[in-house]
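Student: One structure follows; several queries about it will come next.
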Amino acid sequence: MKWLRLGLLPMIMAVVLHSTVQAATVQPAINLKGLKLPEWAATISPYGGKLLLSDSPETVPADGIMYQDIVNGDTRLFFHHVNGTSEGKKIVVLLENSADKPVHITVYQYGLGGPGLDYLKVGKKVQLDYVKGDDVYLLEASGKESVSLIPSLDHSIVEPNMLVNGMYDFKTDGPVNVKVMMMPVDADIREFAAQAKVLPPDVAEYRLRGTFEGKDRLVVPGQTYDTKEHGTVAVTLADNKLDPYVTGIDATDGTRTTNYGNYGIVYKIFVPSTADGKMSYYLNPRGGEYAGWLGVNYRHQENYTIATPADKMSFGHKNSNESSYIGTYEGGKSLWLTFSPPGASNLPVKLIIAPGK
């Protein structure tokens, strides 16, 4: 096993990293009570490599493998598990190489939250870390050997009822078997992996695990937004109607599965606009309590991370009219938003676009 951590690189494997700035976003929210929000029709196109989702069993009742699948190339792993036993455990991710030659893994964007008892806080931290970006690091799994995707978890104790949540983008130059496991704290990871059994998933409607094609989605409205003509509009995300949930296969038993909430999917949102006037953006949770972060790229120069909400941990628990201010931007300028459903939060959400001041 080899592990090498790198500083920020200008480019590695066609992935560009950039510094990010956290923007102050505590501003008056838009008043949604009684406000009709016309849906701003958008084309939502999937692209990118595979998404591995490991969220079932969400509360893990015993030692074992929560999810596993063999991947090769561009992959994202999203895992979200609670220690459901009465004693401390380890929750780890192992990459196994069954070939004779080494496999090299480039981990280029990631977020890790927990172990922790505040599930919304854990999920929100994952989103912040992922959106703002961090150092690239490289791993090598020698022939017939394995390597931990997240070395820090090898020594982290997850106490009962604690959550661990992670979102990791990586590329491999050969096939590896990804194993997400819960295990005794004093067990050897590789020895445990060799004999561990796959745990049964949660009941069907909560079977949040599987392998899905198209880990990213491009969202582009069909019209150019004009502040004078269009007024306040909304783009709905992760509702399974306008934006369908992704479907895939549970590689542990071949069952077809649905990612209810599109957890682990990263949305790149572009809203074309006229040069006349300004636009204000807000996020409105429609499914219940929500806590996350957004990424903003403005005029190809300014990069921000935006807490949603910025003034407290979460919002939307009892009031679907709550909104979180994202910012006000000049029309006609390039504006890209990065969004992903946070672990422990509820979907769908609406991105609201309104004339700015």
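Ordering of the structure tokens sets the chain letters (A, B, ...); residue numbers start at 1 within each chain; ligands are numbered from 1 in the order shown.
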Enumerate as a tab-separated table (two decimals) with C-alpha atoms, in the first residue's frame all residues of region 49-266 of chain A assigned to strand (DSSP E) by DSSP on the backbone, naming them with the chain letters and numbers the document uses.
Tutor:
```tsv
chain	number	residue	atom	x	y	z
A	50	LYS	CA	-20.56	6.01	-11.99
A	51	LEU	CA	-22.09	6.87	-8.64
A	52	LEU	CA	-21.86	4.29	-5.86
A	53	LEU	CA	-24.45	4.96	-3.16
A	54	SER	CA	-24.08	3.28	0.23
A	59	THR	CA	-28.51	2.38	10.69
A	60	VAL	CA	-26.10	-0.54	10.62
A	64	GLY	CA	-20.32	-6.46	7.69
A	65	ILE	CA	-20.32	-4.93	4.21
A	66	MET	CA	-22.94	-2.25	3.58
A	67	TYR	CA	-22.16	-2.00	-0.15
A	68	GLN	CA	-19.59	-3.15	-2.67
A	69	ASP	CA	-19.01	-3.03	-6.41
A	70	ILE	CA	-16.11	-3.19	-8.88
A	71	VAL	CA	-15.35	0.10	-10.66
A	74	ASP	CA	-14.24	7.98	-13.00
A	75	THR	CA	-16.30	7.19	-9.90
A	76	ARG	CA	-18.06	8.93	-7.02
A	77	LEU	CA	-18.80	7.22	-3.73
A	78	PHE	CA	-21.47	8.64	-1.43
A	79	PHE	CA	-21.83	6.79	1.87
A	80	HIS	CA	-24.04	7.61	4.86
A	81	HIS	CA	-24.15	5.20	7.82
A	82	VAL	CA	-25.00	5.24	11.52
A	83	ASN	CA	-23.54	2.80	14.05
A	89	LYS	CA	-17.08	0.51	15.68
A	90	LYS	CA	-15.04	1.55	12.66
A	91	ILE	CA	-16.69	2.50	9.37
A	92	VAL	CA	-14.14	2.21	6.57
A	93	VAL	CA	-13.84	2.13	2.77
A	94	LEU	CA	-11.44	-0.36	1.22
A	95	LEU	CA	-10.31	-0.53	-2.42
A	96	GLU	CA	-9.28	-4.07	-3.36
A	103	VAL	CA	-3.79	0.22	-9.65
A	104	HIS	CA	-3.36	3.98	-9.15
A	105	ILE	CA	-6.19	6.04	-7.68
A	106	THR	CA	-6.47	9.83	-7.89
A	107	VAL	CA	-8.84	11.29	-5.29
A	108	TYR	CA	-9.62	14.73	-6.64
A	109	GLN	CA	-12.67	16.08	-4.81
A	110	TYR	CA	-14.16	14.97	-1.53
A	111	GLY	CA	-15.93	15.78	1.72
A	112	LEU	CA	-16.08	13.91	5.01
A	113	GLY	CA	-18.33	14.47	7.99
A	114	GLY	CA	-18.44	12.78	11.38
A	115	PRO	CA	-18.43	10.68	13.31
A	116	GLY	CA	-21.10	12.79	14.96
A	137	TYR	CA	-4.19	12.87	-3.04
A	138	LEU	CA	-2.96	9.70	-4.72
A	139	LEU	CA	-3.29	6.09	-3.64
A	140	GLU	CA	-1.74	2.92	-4.99
A	141	ALA	CA	-3.11	-0.59	-4.53
A	146	SER	CA	-5.81	-3.24	-1.05
A	147	VAL	CA	-5.74	0.34	0.15
A	148	SER	CA	-8.07	2.47	2.28
A	163	LEU	CA	-23.14	9.07	11.73
A	164	VAL	CA	-20.30	9.00	9.22
A	165	ASN	CA	-20.98	10.60	5.83
A	166	GLY	CA	-18.60	10.98	2.90
A	167	MET	CA	-18.60	12.00	-0.74
A	168	TYR	CA	-15.48	11.08	-2.71
A	169	ASP	CA	-14.64	11.54	-6.40
A	170	PHE	CA	-11.76	9.44	-7.68
A	171	LYS	CA	-10.28	8.01	-10.88
A	172	THR	CA	-8.57	4.66	-11.26
A	176	VAL	CA	-10.91	-2.05	-7.90
A	177	ASN	CA	-13.57	-3.52	-5.65
A	178	VAL	CA	-14.98	-0.77	-3.42
A	179	LYS	CA	-16.10	-2.09	-0.02
A	180	VAL	CA	-17.92	0.08	2.53
A	181	MET	CA	-17.79	-1.76	5.86
A	182	MET	CA	-18.53	-1.52	9.57
A	183	MET	CA	-16.22	-3.59	11.76
A	184	PRO	CA	-14.80	-4.08	15.26
A	209	ARG	CA	-27.83	1.66	-2.20
A	210	GLY	CA	-26.67	0.79	-5.67
A	211	THR	CA	-24.54	1.72	-8.65
A	212	PHE	CA	-25.86	4.42	-10.95
A	213	GLU	CA	-24.71	5.72	-14.35
A	216	ASP	CA	-23.51	14.54	-12.57
A	217	ARG	CA	-26.34	16.57	-14.06
A	218	LEU	CA	-26.22	19.69	-16.21
A	219	VAL	CA	-29.17	22.04	-15.68
A	220	VAL	CA	-29.80	24.71	-18.33
A	221	PRO	CA	-33.13	26.62	-18.58
A	233	VAL	CA	-39.53	31.97	-11.18
A	234	ALA	CA	-38.26	28.65	-9.79
A	235	VAL	CA	-36.33	25.60	-10.97
A	236	THR	CA	-37.26	22.42	-9.06
A	237	LEU	CA	-34.55	19.86	-8.32
A	247	THR	CA	-32.18	4.35	-11.17
A	248	GLY	CA	-29.52	1.65	-11.11
A	249	ILE	CA	-28.55	-1.79	-9.87
A	250	ASP	CA	-27.67	-3.03	-6.39
A	255	THR	CA	-31.85	-5.83	-7.69
A	256	ARG	CA	-33.00	-2.71	-9.55
A	257	THR	CA	-32.88	0.26	-7.22
A	258	THR	CA	-33.80	3.95	-7.08
A	266	VAL	CA	-23.78	16.84	-8.41
```
Student: Where does DSSP see alpha helix (DSSP H) in region 77-259 of chain A, if you list the residues as a ChimeraX atom specification?
Tutor: /A:119-132,189-195,227-230
Student: I need the residue nearest Val349 (chain A) from this list: A:Tyr282, A:Phe192, A:Tyr298, A:Tyr260. Use only C-alpha atoms for the distance.
Tutor: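 Under the stated criterion, the closest residue is A:Tyr282.
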Student: State, in Å with one decimal place, the distance from CA of Arg207 (chain A) to CA of Gly287 (chain A).
Tutor: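 Distance between the two atoms: 18.8 Å.
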Student: Neighbouring residues of Ala275 (chain A) were defined as those with any atom within 9 Å, considering only C-alpha atoms; residues of the same chain fewer than 6 positions away were excluded. Please report them as a PyMOL selection string.
Tutor: chain A and resi 226+330-333
Student: Provide the CA of Ser280 (chain A) to CA of Ile265 (chain A) distance in Å, to one decimal place.
Tutor: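 According to the coordinates, CA of Ser280 (chain A) and CA of Ile265 (chain A) are separated by 24.7 Å.
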Student: Show me, as number ranges by chain, the residues that have an atom within 7 Å of Ser320 (chain A) when counting only C-alpha atoms, minus same-chain residues fewer than 3 positions from it.
Tutor: A: 285-286, 316
Student: Which is closest to Trp293 (chain A) among A:Leu149, A:Ala251, A:Leu347, A:Leu337, if we use only C-alpha atoms?
Tutor: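 The answer is A:Leu337, which sits nearest to Trp293 (chain A).
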